[in-house]
$ cat query-v6.pdb   # PDB, C-alpha atoms and all ligand atoms
ATOM      1  CA  MET V   1       9.266   8.792 -23.173
ATOM      2  CA  LEU V   2       7.724  10.798 -20.326
ATOM      3  CA  HIS V   3       8.025  14.547 -20.049
ATOM      4  CA  ILE V   4       6.363  16.373 -17.170
ATOM      5  CA  VAL V   5       6.561  20.160 -16.992
ATOM      6  CA  SER V   6       5.533  22.264 -13.994
ATOM      7  CA  LEU V   7       2.785  20.010 -12.731
ATOM      8  CA  SER V   8       0.796  21.447  -9.825
ATOM      9  CA  LYS V   9      -2.208  20.149  -7.953
ATOM     10  CA  ALA V  10      -4.091  21.279  -4.866
ATOM     11  CA  TYR V  11      -7.068  19.860  -3.002
ATOM     12  CA  GLY V  12      -8.767  23.006  -1.792
ATOM     13  CA  LYS V  13      -6.060  24.891   0.053
ATOM     14  CA  ARG V  14      -3.810  21.846   0.429
ATOM     15  CA  VAL V  15      -1.116  21.962  -2.227
ATOM     16  CA  VAL V  16      -0.020  18.398  -2.982
ATOM     17  CA  LEU V  17       2.131  18.935  -6.096
ATOM     18  CA  GLN V  18       4.171  22.058  -6.706
ATOM     19  CA  ASP V  19       5.788  22.759 -10.029
ATOM     20  CA  LEU V  20       6.913  19.176 -10.606
ATOM     21  CA  SER V  21       9.029  18.687 -13.717
ATOM     22  CA  LEU V  22      10.810  15.541 -14.810
ATOM     23  CA  ARG V  23      11.839  13.726 -17.940
ATOM     24  CA  ILE V  24      12.338   9.994 -18.357
ATOM     25  CA  PRO V  25      14.127   8.826 -21.503
ATOM     26  CA  PRO V  26      13.199   5.500 -23.149
ATOM     27  CA  GLY V  27      14.568   2.414 -21.433
ATOM     28  CA  GLU V  28      15.264   4.090 -18.097
ATOM     29  CA  ILE V  29      14.111   2.957 -14.653
ATOM     30  CA  TYR V  30      13.293   6.137 -12.751
ATOM     31  CA  GLY V  31      12.538   6.053  -9.029
ATOM     32  CA  LEU V  32      10.352   8.638  -7.357
ATOM     33  CA  LEU V  33      11.123   8.600  -3.655
ATOM     34  CA  GLY V  34       9.059  10.220  -0.983
ATOM     35  CA  ALA V  35       7.521   9.808   2.437
ATOM     36  CA  ASN V  36       3.813   9.124   2.950
ATOM     37  CA  GLY V  37       1.827  11.982   1.503
ATOM     38  CA  ALA V  38       4.687  13.328  -0.652
ATOM     39  CA  GLY V  39       2.481  13.251  -3.749
ATOM     40  CA  LYS V  40       3.648  10.081  -5.519
ATOM     41  CA  THR V  41       0.215   8.528  -6.043
ATOM     42  CA  THR V  42      -1.257  11.889  -7.024
ATOM     43  CA  THR V  43       1.405  12.135  -9.747
ATOM     44  CA  ILE V  44       0.571   8.638 -10.978
ATOM     45  CA  ASN V  45      -3.148   9.367 -11.000
ATOM     46  CA  ILE V  46      -2.512  12.445 -13.140
ATOM     47  CA  LEU V  47      -0.321  10.439 -15.551
ATOM     48  CA  CYS V  48      -3.102   7.872 -15.867
ATOM     49  CA  ASN V  49      -5.599  10.615 -16.639
ATOM     50  CA  LEU V  50      -7.615   9.686 -13.548
ATOM     51  CA  LEU V  51      -6.997  13.074 -11.989
ATOM     52  CA  ARG V  52      -6.638  16.464 -13.596
ATOM     53  CA  ALA V  53      -3.691  18.680 -12.687
ATOM     54  CA  ASP V  54      -4.369  22.342 -11.937
ATOM     55  CA  SER V  55      -1.518  23.369 -14.212
ATOM     56  CA  GLY V  56       1.427  21.939 -16.080
ATOM     57  CA  THR V  57       1.786  19.582 -19.014
ATOM     58  CA  VAL V  58       2.523  15.898 -19.481
ATOM     59  CA  GLU V  59       3.685  14.200 -22.672
ATOM     60  CA  VAL V  60       3.932  10.445 -23.128
ATOM     61  CA  CYS V  61       5.834   9.334 -26.236
ATOM     62  CA  GLY V  62       5.648  12.906 -27.496
ATOM     63  CA  GLN V  63       1.843  13.073 -27.175
ATOM     64  CA  ARG V  64      -0.034  15.340 -24.793
ATOM     65  CA  LEU V  65      -1.820  13.390 -22.092
ATOM     66  CA  SER V  66      -5.317  12.361 -23.216
ATOM     67  CA  GLU V  67      -7.542   9.308 -23.562
ATOM     68  CA  ARG V  68      -5.345   8.334 -26.532
ATOM     69  CA  THR V  69      -2.219   8.120 -24.364
ATOM     70  CA  LYS V  70      -3.866   5.693 -21.922
ATOM     71  CA  PRO V  71      -2.862   2.559 -23.877
ATOM     72  CA  LEU V  72       0.759   3.752 -23.843
ATOM     73  CA  ILE V  73       0.853   3.369 -20.076
ATOM     74  CA  GLY V  74       0.559   0.263 -17.908
ATOM     75  CA  VAL V  75       0.066   0.669 -14.171
ATOM     76  CA  ALA V  76       0.506  -1.750 -11.300
ATOM     77  CA  PRO V  77      -1.122   0.073  -8.390
ATOM     78  CA  GLN V  78      -0.124  -0.132  -4.730
ATOM     79  CA  GLU V  79      -2.977  -2.550  -4.024
ATOM     80  CA  ASN V  80      -3.072  -5.485  -6.439
ATOM     81  CA  LEU V  81      -6.305  -5.243  -8.405
ATOM     82  CA  LEU V  82      -6.913  -8.926  -9.013
ATOM     83  CA  TYR V  83     -10.032 -11.022  -9.230
ATOM     84  CA  ARG V  84      -9.213 -13.384  -6.418
ATOM     85  CA  SER V  85     -11.576 -16.155  -7.490
ATOM     86  CA  LEU V  86     -10.295 -16.196 -11.082
ATOM     87  CA  THR V  87      -7.165 -18.015 -12.211
ATOM     88  CA  CYS V  88      -4.050 -16.162 -13.343
ATOM     89  CA  GLU V  89      -4.920 -16.924 -16.948
ATOM     90  CA  GLU V  90      -8.522 -15.758 -16.504
ATOM     91  CA  ASN V  91      -7.416 -12.526 -14.820
ATOM     92  CA  LEU V  92      -5.075 -11.742 -17.684
ATOM     93  CA  THR V  93      -7.633 -12.765 -20.325
ATOM     94  CA  PHE V  94     -10.174 -10.420 -18.759
ATOM     95  CA  PHE V  95      -7.828  -7.417 -18.750
ATOM     96  CA  ALA V  96      -6.586  -8.238 -22.260
ATOM     97  CA  SER V  97     -10.231  -8.187 -23.433
ATOM     98  CA  LEU V  98     -10.671  -4.707 -21.978
ATOM     99  CA  TYR V  99      -7.890  -3.591 -24.301
ATOM    100  CA  GLY V 100      -9.660  -5.172 -27.265
ATOM    101  CA  LEU V 101      -7.512  -8.279 -27.653
ATOM    102  CA  ARG V 102      -9.433 -11.251 -29.020
ATOM    103  CA  GLY V 103      -9.045 -14.892 -30.016
ATOM    104  CA  LYS V 104      -5.623 -16.377 -30.720
ATOM    105  CA  ASN V 105      -3.816 -13.051 -30.318
ATOM    106  CA  ARG V 106      -5.212 -12.654 -26.846
ATOM    107  CA  ALA V 107      -4.394 -16.220 -25.817
ATOM    108  CA  ALA V 108      -0.840 -15.818 -27.137
ATOM    109  CA  ARG V 109      -0.350 -12.505 -25.344
ATOM    110  CA  VAL V 110      -1.709 -13.923 -22.073
ATOM    111  CA  TRP V 111       0.804 -16.776 -22.222
ATOM    112  CA  GLU V 112       3.634 -14.445 -23.141
ATOM    113  CA  CYS V 113       2.860 -12.322 -20.079
ATOM    114  CA  LEU V 114       2.558 -15.343 -17.794
ATOM    115  CA  LYS V 115       5.968 -16.527 -18.997
ATOM    116  CA  ASP V 116       7.513 -13.066 -18.658
ATOM    117  CA  VAL V 117       6.529 -12.803 -15.003
ATOM    118  CA  GLY V 118       7.423 -16.427 -14.223
ATOM    119  CA  LEU V 119       3.843 -17.616 -13.641
ATOM    120  CA  ALA V 120       3.334 -19.937 -16.623
ATOM    121  CA  ASP V 121       3.206 -22.967 -14.317
ATOM    122  CA  ARG V 122       0.565 -21.233 -12.163
ATOM    123  CA  ALA V 123      -1.722 -20.287 -15.063
ATOM    124  CA  LYS V 124      -4.577 -22.389 -13.704
ATOM    125  CA  SER V 125      -4.130 -21.361 -10.060
ATOM    126  CA  LEU V 126      -6.683 -19.057  -8.475
ATOM    127  CA  ALA V 127      -5.228 -15.636  -7.751
ATOM    128  CA  GLU V 128      -6.157 -16.004  -4.075
ATOM    129  CA  THR V 129      -3.940 -19.069  -3.757
ATOM    130  CA  LEU V 130      -0.809 -17.217  -4.888
ATOM    131  CA  SER V 131       1.846 -15.907  -2.505
ATOM    132  CA  GLY V 132       2.135 -12.129  -2.050
ATOM    133  CA  GLY V 133       5.088 -11.984  -4.441
ATOM    134  CA  MET V 134       3.262 -13.992  -7.107
ATOM    135  CA  GLN V 135       0.195 -11.769  -6.776
ATOM    136  CA  ARG V 136       2.411  -8.740  -7.299
ATOM    137  CA  ARG V 137       3.948 -10.332 -10.396
ATOM    138  CA  LEU V 138       0.460 -11.147 -11.725
ATOM    139  CA  SER V 139      -0.495  -7.526 -11.138
ATOM    140  CA  MET V 140       2.554  -6.488 -13.172
ATOM    141  CA  ALA V 141       1.575  -8.925 -15.943
ATOM    142  CA  ILE V 142      -1.843  -7.253 -16.062
ATOM    143  CA  ALA V 143      -0.139  -3.866 -16.391
ATOM    144  CA  LEU V 144       1.873  -5.265 -19.323
ATOM    145  CA  VAL V 145      -0.791  -7.234 -21.164
ATOM    146  CA  HIS V 146      -1.584  -4.456 -23.674
ATOM    147  CA  GLN V 147       2.128  -3.861 -24.399
ATOM    148  CA  PRO V 148       2.482  -0.358 -22.991
ATOM    149  CA  LYS V 149       5.561   1.780 -23.607
ATOM    150  CA  LEU V 150       5.756   3.093 -20.054
ATOM    151  CA  LEU V 151       5.257   0.904 -17.001
ATOM    152  CA  ILE V 152       4.299   2.642 -13.761
ATOM    153  CA  LEU V 153       4.816   0.678 -10.560
ATOM    154  CA  ASP V 154       3.416   2.205  -7.379
ATOM    155  CA  GLU V 155       5.500   0.805  -4.516
ATOM    156  CA  PRO V 156       6.104  -2.519  -6.275
ATOM    157  CA  THR V 157       7.616  -4.365  -3.326
ATOM    158  CA  THR V 158       5.938  -2.838  -0.289
ATOM    159  CA  GLY V 159       4.828  -5.627   2.032
ATOM    160  CA  LEU V 160       6.826  -8.358   0.289
ATOM    161  CA  ASP V 161       9.407 -10.549   1.982
ATOM    162  CA  ILE V 162      13.008 -10.326   0.863
ATOM    163  CA  GLU V 163      12.873 -13.247  -1.581
ATOM    164  CA  ALA V 164       9.699 -11.986  -3.230
ATOM    165  CA  ARG V 165      11.264  -8.529  -3.367
ATOM    166  CA  TYR V 166      14.317  -9.903  -5.180
ATOM    167  CA  GLU V 167      12.037 -11.683  -7.664
ATOM    168  CA  VAL V 168      10.190  -8.464  -8.419
ATOM    169  CA  TRP V 169      13.489  -6.578  -8.829
ATOM    170  CA  GLU V 170      14.720  -9.247 -11.199
ATOM    171  CA  LEU V 171      11.502  -8.978 -13.178
ATOM    172  CA  ILE V 172      11.820  -5.185 -13.434
ATOM    173  CA  ARG V 173      15.418  -5.552 -14.660
ATOM    174  CA  HIS V 174      14.304  -8.189 -17.155
ATOM    175  CA  LEU V 175      11.625  -5.814 -18.482
ATOM    176  CA  GLN V 176      14.259  -3.152 -18.908
ATOM    177  CA  THR V 177      16.374  -5.495 -21.037
ATOM    178  CA  GLN V 178      13.315  -5.817 -23.269
ATOM    179  CA  GLY V 179      13.295  -2.044 -23.700
ATOM    180  CA  MET V 180      10.624  -1.091 -21.175
ATOM    181  CA  THR V 181      10.677   2.350 -19.549
ATOM    182  CA  VAL V 182       9.724   2.231 -15.881
ATOM    183  CA  LEU V 183       8.590   4.854 -13.413
ATOM    184  CA  LEU V 184       8.412   3.439  -9.921
ATOM    185  CA  THR V 185       7.575   4.991  -6.605
ATOM    186  CA  THR V 186       9.060   3.644  -3.440
ATOM    187  CA  HIS V 187       9.796   4.326   0.218
ATOM    188  CA  LEU V 188      12.606   1.805   0.076
ATOM    189  CA  LEU V 189      15.899   3.562  -0.448
ATOM    190  CA  GLU V 190      17.698   0.315  -1.190
ATOM    191  CA  GLU V 191      15.186  -0.446  -3.921
ATOM    192  CA  ALA V 192      15.848   2.891  -5.607
ATOM    193  CA  GLU V 193      19.603   2.514  -5.138
ATOM    194  CA  ARG V 194      19.735  -0.947  -6.663
ATOM    195  CA  LEU V 195      17.227  -0.605  -9.476
ATOM    196  CA  CYS V 196      16.996   2.944 -10.713
ATOM    197  CA  GLN V 197      19.280   4.773 -13.121
ATOM    198  CA  ARG V 198      17.917   8.084 -11.863
ATOM    199  CA  ILE V 199      16.118   9.023  -8.703
ATOM    200  CA  GLY V 200      13.886  11.955  -7.815
ATOM    201  CA  ILE V 201      13.272  12.914  -4.195
ATOM    202  CA  LEU V 202       9.830  14.330  -3.553
ATOM    203  CA  LYS V 203       8.763  16.125  -0.410
ATOM    204  CA  GLN V 204       5.391  17.753   0.085
ATOM    205  CA  GLY V 205       4.830  17.798  -3.638
ATOM    206  CA  ARG V 206       8.185  19.374  -4.563
ATOM    207  CA  LEU V 207      11.066  17.652  -6.283
ATOM    208  CA  LEU V 208      13.954  18.455  -3.944
ATOM    209  CA  ALA V 209      16.634  16.804  -6.058
ATOM    210  CA  GLU V 210      17.044  14.471  -8.981
ATOM    211  CA  GLY V 211      19.852  12.601 -10.656
ATOM    212  CA  THR V 212      21.906   9.452 -10.788
ATOM    213  CA  LEU V 213      23.163   8.104  -7.485
ATOM    214  CA  ALA V 214      26.591   9.544  -8.281
ATOM    215  CA  GLU V 215      25.065  12.970  -8.950
ATOM    216  CA  LEU V 216      23.020  12.855  -5.768
ATOM    217  CA  ARG V 217      26.105  11.825  -3.780
ATOM    218  CA  ARG V 218      27.756  15.085  -4.773
ATOM    219  CA  LEU V 219      25.094  16.922  -2.778
ATOM    220  CA  ILE V 220      26.830  15.740   0.393
ATOM    221  CA  PRO V 221      30.274  17.293   0.875
ATOM    222  CA  ALA V 222      31.808  14.131   2.289
ATOM    223  CA  GLN V 223      33.767  11.138   1.055
ATOM    224  CA  GLU V 224      32.355   8.731   3.578
ATOM    225  CA  VAL V 225      30.298   8.404   6.745
ATOM    226  CA  VAL V 226      31.769   7.012   9.934
ATOM    227  CA  VAL V 227      29.357   5.681  12.539
ATOM    228  CA  VAL V 228      30.915   5.496  15.986
ATOM    229  CA  GLN V 229      29.934   4.068  19.337
ATOM    230  CA  THR V 230      31.391   5.861  22.284
ATOM    231  CA  SER V 231      30.583   6.350  25.950
ATOM    232  CA  GLU V 232      31.692   9.993  25.550
ATOM    233  CA  GLU V 233      29.501  11.306  22.755
ATOM    234  CA  ALA V 234      29.672  14.962  23.795
ATOM    235  CA  ARG V 235      33.474  14.937  23.676
ATOM    236  CA  ALA V 236      33.476  13.080  20.371
ATOM    237  CA  ILE V 237      31.108  15.661  18.879
ATOM    238  CA  ASP V 238      33.290  18.525  20.174
ATOM    239  CA  ARG V 239      36.340  16.914  18.637
ATOM    240  CA  ALA V 240      34.558  16.339  15.325
ATOM    241  CA  GLN V 241      33.518  19.964  15.234
ATOM    242  CA  SER V 242      37.075  21.143  15.887
ATOM    243  CA  LEU V 243      38.249  18.830  13.078
ATOM    244  CA  GLY V 244      35.622  20.231  10.716
ATOM    245  CA  PHE V 245      33.725  16.926  10.460
ATOM    246  CA  PRO V 246      29.954  17.558  10.346
ATOM    247  CA  TRP V 247      28.065  15.177  12.643
ATOM    248  CA  ARG V 248      24.654  13.602  12.246
ATOM    249  CA  ARG V 249      22.403  11.039  13.938
ATOM    250  CA  TYR V 250      21.161   8.146  11.838
ATOM    251  CA  GLY V 251      18.473   6.211  13.735
ATOM    252  CA  GLY V 252      20.067   7.301  17.010
ATOM    253  CA  ASP V 253      23.609   6.352  15.929
ATOM    254  CA  LEU V 254      26.248   9.049  16.029
ATOM    255  CA  ALA V 255      27.950   9.569  12.682
ATOM    256  CA  PHE V 256      30.562  11.917  11.252
ATOM    257  CA  TRP V 257      31.035  12.959   7.680
ATOM    258  CA  LEU V 258      34.622  12.670   6.539
ATOM    259  CA  PRO V 259      35.488  15.366   4.004
ATOM    260  CA  GLU V 260      38.415  13.222   2.813
ATOM    261  CA  THR V 261      39.125   9.506   2.853
ATOM    262  CA  LEU V 262      41.223   8.594   5.883
ATOM    263  CA  GLU V 263      42.937   5.421   6.964
ATOM    264  CA  LEU V 264      41.345   3.813  10.023
ATOM    265  CA  ARG V 265      44.388   4.613  12.166
ATOM    266  CA  GLU V 266      44.188   8.265  11.067
ATOM    267  CA  ILE V 267      40.564   8.407  12.215
ATOM    268  CA  ILE V 268      41.550   6.877  15.576
ATOM    269  CA  THR V 269      44.443   9.341  15.908
ATOM    270  CA  ARG V 270      42.158  12.305  15.300
ATOM    271  CA  PHE V 271      39.871  11.143  18.089
ATOM    272  CA  ASP V 272      42.823  10.431  20.356
ATOM    273  CA  GLY V 273      41.844  10.366  24.048
ATOM    274  CA  ILE V 274      38.189   9.607  23.316
ATOM    275  CA  PRO V 275      37.151   5.965  23.798
ATOM    276  CA  LEU V 276      35.673   4.675  20.515
ATOM    277  CA  GLU V 277      34.076   1.267  21.113
ATOM    278  CA  SER V 278      33.361   0.766  17.433
ATOM    279  CA  ILE V 279      33.912   2.533  14.138
ATOM    280  CA  ALA V 280      31.867   1.573  11.073
ATOM    281  CA  ARG V 281      32.812   3.188   7.785
ATOM    282  CA  GLN V 282      30.146   3.555   5.123
ATOM    283  CA  PRO V 283      30.069   5.030   1.640
ATOM    284  CA  ILE V 284      27.622   7.903   1.134
ATOM    285  CA  ARG V 285      24.341   6.123   0.599
ATOM    286  CA  LEU V 286      20.961   7.229  -0.638
ATOM    287  CA  GLU V 287      19.751   7.054   2.974
ATOM    288  CA  HIS V 288      22.179   9.839   3.961
ATOM    289  CA  ILE V 289      21.278  11.985   0.964
ATOM    290  CA  TYR V 290      17.553  11.469   1.451
ATOM    291  CA  LEU V 291      17.673  12.401   5.129
ATOM    292  CA  GLU V 292      19.839  15.419   4.398
ATOM    293  CA  LEU V 293      17.476  16.740   1.761
ATOM    294  CA  THR V 294      14.235  15.987   3.535
ATOM    295  CA  GLN V 295      15.199  16.891   7.117
ATOM    296  CA  HIS V 296      17.822  19.625   6.955
TER
HETATM  297  P1  LIG N 301       1.814   7.254   0.190
HETATM  298  O1  LIG N 301       3.232   6.841   0.165
HETATM  299  O2  LIG N 301       1.224   7.266   1.558
HETATM  300  O3  LIG N 301       0.955   6.532  -0.809
HETATM  301  P2  LIG N 301       1.916   9.513  -1.610
HETATM  302  O4  LIG N 301       3.257  10.122  -1.787
HETATM  303  O5  LIG N 301       1.435   8.596  -2.671
HETATM  304  O6  LIG N 301       1.811   8.822  -0.190
HETATM  305  P3  LIG N 301      -0.469  10.994  -2.189
HETATM  306  O7  LIG N 301      -1.395   9.840  -2.006
HETATM  307  O8  LIG N 301      -0.206  11.459  -3.580
HETATM  308  O9  LIG N 301       0.911  10.728  -1.440
HETATM  309  O10 LIG N 301      -1.054  12.208  -1.315
HETATM  310  C1  LIG N 301      -0.459  13.488  -1.313
HETATM  311  C2  LIG N 301      -1.270  14.399  -0.395
HETATM  312  O11 LIG N 301      -2.543  14.627  -0.985
HETATM  313  C3  LIG N 301      -1.528  13.818   0.974
HETATM  314  O12 LIG N 301      -1.396  14.853   1.920
HETATM  315  C4  LIG N 301      -2.962  13.340   0.892
HETATM  316  O13 LIG N 301      -3.589  13.403   2.153
HETATM  317  C5  LIG N 301      -3.565  14.339  -0.061
HETATM  318  N1  LIG N 301      -4.707  13.805  -0.815
HETATM  319  C6  LIG N 301      -4.692  12.741  -1.649
HETATM  320  N2  LIG N 301      -5.907  12.553  -2.204
HETATM  321  C7  LIG N 301      -6.714  13.497  -1.684
HETATM  322  C8  LIG N 301      -8.082  13.850  -1.880
HETATM  323  N3  LIG N 301      -8.865  13.167  -2.715
HETATM  324  N4  LIG N 301      -8.550  14.911  -1.199
HETATM  325  C9  LIG N 301      -7.757  15.628  -0.362
HETATM  326  N5  LIG N 301      -6.450  15.370  -0.148
HETATM  327  C10 LIG N 301      -5.935  14.323  -0.803
END
$ encode --input "query-v6.pdb" --output "structure tokens"
Amino acid sequence: MLHIVSLSKAYGKRVVLQDLSLRIPPGEIYGLLGANGAGKTTTINILCNLLRADSGTVEVCGQRLSERTKPLIGVAPQENLLYRSLTCEENLTFFASLYGLRGKNRAARVWECLKDVGLADRAKSLAETLSGGMQRRLSMAIALVHQPKLLILDEPTTGLDIEARYEVWELIRHLQTQGMTVLLTTHLLEEAERLCQRIGILKQGRLLAEGTLAELRRLIPAQEVVVVQTSEEARAIDRAQSLGFPWRRYGGDLAFWLPETLELREIITRFDGIPLESIARQPIRLEHIYLELTQH
């Protein structure tokens, strides 16, 4: 569906994309993860033909990127581009007209989109009266109105509360069941973990790693992470090192990587003589992989 090969882009001397290659098969939800400035929006702007890459190629549905590939892509940008003083129906009708839809076809498509994003009962509401989550869903409906093959969502749930976030996730999953291919960018590791079949981790314009969560997990040579609270951190770290357990800090918390799965009592035995106030065991999560790749 989308095939990017060796995409590079610089603004003057600042290189913002370096040799980026990725392939998204039809029906997949692919998550591009990266910190602020990693190059996610630049990539999207190139895919939308709004920005020209310095080198590299992009194919959408087997066609080289051009004006003709534009209708194959639908984009919901970071900032909702809505006409606030128009109703949901009017917003969608306007964007459908830009894609050449007319008359009954347009009206039918507008209603289909409103239903798909769960806004049929708000068709006559002004966009400015919608909640943040509803506005985001309307923005997604606009991206879908011309029936694209690839949906690009730039940080689809940034700034939304947890319920609105769940609604957007549900909508993305629903679109996938209808066969949609989705490329989404996000800072939210949980979002990528829960929604995406494959994840790419971008840092300073380079794809550091890519794969399914299971594949990415293999990049960390540990079975699980154990977060401990202790009044004697230095001793605990010494002990971990002598046991061959790598140690890390996650948001200030002290954590050890266990190379093998151990029973709780075995963990306590190995730290015998060191007061452990709490022990929290965690599976290897995207958070650990992301930090490892981007910081170490
Ligand atoms: P965010 O999560 O903050 O949206 P991002 O991953 O989308 O970040 P981009 O917006 O693609 O990052 O920016 C990548 C880099 O390119 C940043 O360092 C940014 O400052 C730089 N950049 C973007 N647009 C321009 C421009 N028009 N001129 C110069 N530098 C730019």
$ closest_atom_pairs --input "query-v6.pdb" --of "chain V" --to "ligand LIG 301 (chain N)" --cutoff "10 Å" --atoms "only C-alpha atoms and all ligand atoms" --output "Markdown table"
| residue | atom | partner | partner_atom | distance |
| --- | --- | --- | --- | --- |
| V:Lys9 | CA | N:LIG301 | O11 | 8.9 |
| V:Ala10 | CA | N:LIG301 | O11 | 7.9 |
| V:Tyr11 | CA | N:LIG301 | C9 | 5.0 |
| V:Gly12 | CA | N:LIG301 | C9 | 7.6 |
| V:Lys13 | CA | N:LIG301 | C9 | 9.4 |
| V:Arg14 | CA | N:LIG301 | N5 | 7.0 |
| V:Val15 | CA | N:LIG301 | O11 | 7.6 |
| V:Val16 | CA | N:LIG301 | C2 | 4.9 |
| V:Leu17 | CA | N:LIG301 | C1 | 7.7 |
| V:Leu32 | CA | N:LIG301 | O4 | 9.1 |
| V:Leu33 | CA | N:LIG301 | O4 | 8.2 |
| V:Gly34 | CA | N:LIG301 | O4 | 5.9 |
| V:Ala35 | CA | N:LIG301 | O1 | 5.7 |
| V:Asn36 | CA | N:LIG301 | O2 | 3.5 |
| V:Gly37 | CA | N:LIG301 | O9 | 3.3 |
| V:Ala38 | CA | N:LIG301 | O4 | 3.7 |
| V:Gly39 | CA | N:LIG301 | O8 | 3.2 |
| V:Lys40 | CA | N:LIG301 | O4 | 3.8 |
| V:Thr41 | CA | N:LIG301 | O5 | 3.6 |
| V:Thr42 | CA | N:LIG301 | O8 | 3.6 |
| V:Thr43 | CA | N:LIG301 | O8 | 6.4 |
| V:Ile44 | CA | N:LIG301 | O8 | 8.0 |
| V:Asn45 | CA | N:LIG301 | O8 | 8.3 |
| V:Ile46 | CA | N:LIG301 | O8 | 9.9 |
| V:Leu51 | CA | N:LIG301 | N3 | 9.5 |
| V:Gln78 | CA | N:LIG301 | O3 | 7.8 |
| V:Asp154 | CA | N:LIG301 | O5 | 8.2 |
| V:Glu155 | CA | N:LIG301 | O1 | 8.0 |
| V:Thr185 | CA | N:LIG301 | O5 | 8.1 |
| V:Thr186 | CA | N:LIG301 | O1 | 7.6 |
| V:His187 | CA | N:LIG301 | O1 | 7.0 |
| V:Leu202 | CA | N:LIG301 | O4 | 8.0 |
| V:Lys203 | CA | N:LIG301 | O4 | 8.3 |
| V:Gln204 | CA | N:LIG301 | C1 | 7.4 |
| V:Gly205 | CA | N:LIG301 | C1 | 7.2 |
$ write_last_selection --input "query-v6.pdb" --atoms "C-alpha atoms" --output "compact mmCIF listing (two decimals), keeping the file's coordinate frame"
# COMPACT_ATOMS: atom_id res chain seq x y z
CA LYS V 9 -2.21 20.15 -7.95
CA ALA V 10 -4.09 21.28 -4.87
CA TYR V 11 -7.07 19.86 -3.00
CA GLY V 12 -8.77 23.01 -1.79
CA LYS V 13 -6.06 24.89 0.05
CA ARG V 14 -3.81 21.85 0.43
CA VAL V 15 -1.12 21.96 -2.23
CA VAL V 16 -0.02 18.40 -2.98
CA LEU V 17 2.13 18.93 -6.10
CA LEU V 32 10.35 8.64 -7.36
CA LEU V 33 11.12 8.60 -3.66
CA GLY V 34 9.06 10.22 -0.98
CA ALA V 35 7.52 9.81 2.44
CA ASN V 36 3.81 9.12 2.95
CA GLY V 37 1.83 11.98 1.50
CA ALA V 38 4.69 13.33 -0.65
CA GLY V 39 2.48 13.25 -3.75
CA LYS V 40 3.65 10.08 -5.52
CA THR V 41 0.22 8.53 -6.04
CA THR V 42 -1.26 11.89 -7.02
CA THR V 43 1.40 12.14 -9.75
CA ILE V 44 0.57 8.64 -10.98
CA ASN V 45 -3.15 9.37 -11.00
CA ILE V 46 -2.51 12.44 -13.14
CA LEU V 51 -7.00 13.07 -11.99
CA GLN V 78 -0.12 -0.13 -4.73
CA ASP V 154 3.42 2.20 -7.38
CA GLU V 155 5.50 0.80 -4.52
CA THR V 185 7.58 4.99 -6.60
CA THR V 186 9.06 3.64 -3.44
CA HIS V 187 9.80 4.33 0.22
CA LEU V 202 9.83 14.33 -3.55
CA LYS V 203 8.76 16.12 -0.41
CA GLN V 204 5.39 17.75 0.08
CA GLY V 205 4.83 17.80 -3.64
$ residues_around --input "query-v6.pdb" --residues "Arg270 (chain V)" --least-positions-apart "4" --cutoff "10 Å" --atoms "only C-alpha atoms" --output "ChimeraX atom specification"
/V:239-240,243,265-266,274
$ closest_atom_pairs --input "query-v6.pdb" --of "region 16-127 of chain V" --to "region 3-8 of chain V" --cutoff "7 Å" --atoms "only C-alpha atoms" --output "tab-separated table"
residue	atom	partner	partner_atom	distance
V:Leu17	CA	V:Ser8	CA	4.7
V:Gln18	CA	V:Ser8	CA	4.6
V:Asp19	CA	V:Ser6	CA	4.0
V:Leu20	CA	V:Leu7	CA	4.7
V:Ser21	CA	V:Val5	CA	4.4
V:Leu22	CA	V:Ile4	CA	5.1
V:Arg23	CA	V:His3	CA	4.4
V:Ile24	CA	V:His3	CA	6.5
V:Ala53	CA	V:Ser8	CA	6.0
V:Asp54	CA	V:Ser8	CA	5.7
V:Ser55	CA	V:Ser8	CA	5.3
V:Gly56	CA	V:Leu7	CA	4.1
V:Thr57	CA	V:Val5	CA	5.2
V:Val58	CA	V:Ile4	CA	4.5
V:Glu59	CA	V:His3	CA	5.1
V:Val60	CA	V:His3	CA	6.6
$ resolve_selection --input "query-v6.pdb" --expression "the PyMOL selection byres (((chain V and resi 210) around 9) and not hetatm)" --output "ChimeraX atom specification"
/V:22,198-201,207-209,211-213,215-216
$ write_last_selection --input "query-v6.pdb" --atoms "C-alpha atoms" --output "mmCIF file, in the frame of the given file"
data_model
loop_
_atom_site.group_PDB
_atom_site.id
_atom_site.type_symbol
_atom_site.label_atom_id
_atom_site.label_comp_id
_atom_site.auth_asym_id
_atom_site.auth_seq_id
_atom_site.Cartn_x
_atom_site.Cartn_y
_atom_site.Cartn_z
ATOM 1 C CA LEU V 22 10.810 15.541 -14.810
ATOM 2 C CA ARG V 198 17.917 8.084 -11.863
ATOM 3 C CA ILE V 199 16.118 9.023 -8.703
ATOM 4 C CA GLY V 200 13.886 11.955 -7.815
ATOM 5 C CA ILE V 201 13.272 12.914 -4.195
ATOM 6 C CA LEU V 207 11.066 17.652 -6.283
ATOM 7 C CA LEU V 208 13.954 18.455 -3.944
ATOM 8 C CA ALA V 209 16.634 16.804 -6.058
ATOM 9 C CA GLY V 211 19.852 12.601 -10.656
ATOM 10 C CA THR V 212 21.906 9.452 -10.788
ATOM 11 C CA LEU V 213 23.163 8.104 -7.485
ATOM 12 C CA GLU V 215 25.065 12.970 -8.950
ATOM 13 C CA LEU V 216 23.020 12.855 -5.768
#
$ resolve_selection --input "query-v6.pdb" --expression "the PyMOL selection byres (((chain V and resi 227) around 6) and not hetatm)" --output "PyMOL selection string"
chain V and resi 226+228+254-255+279-280
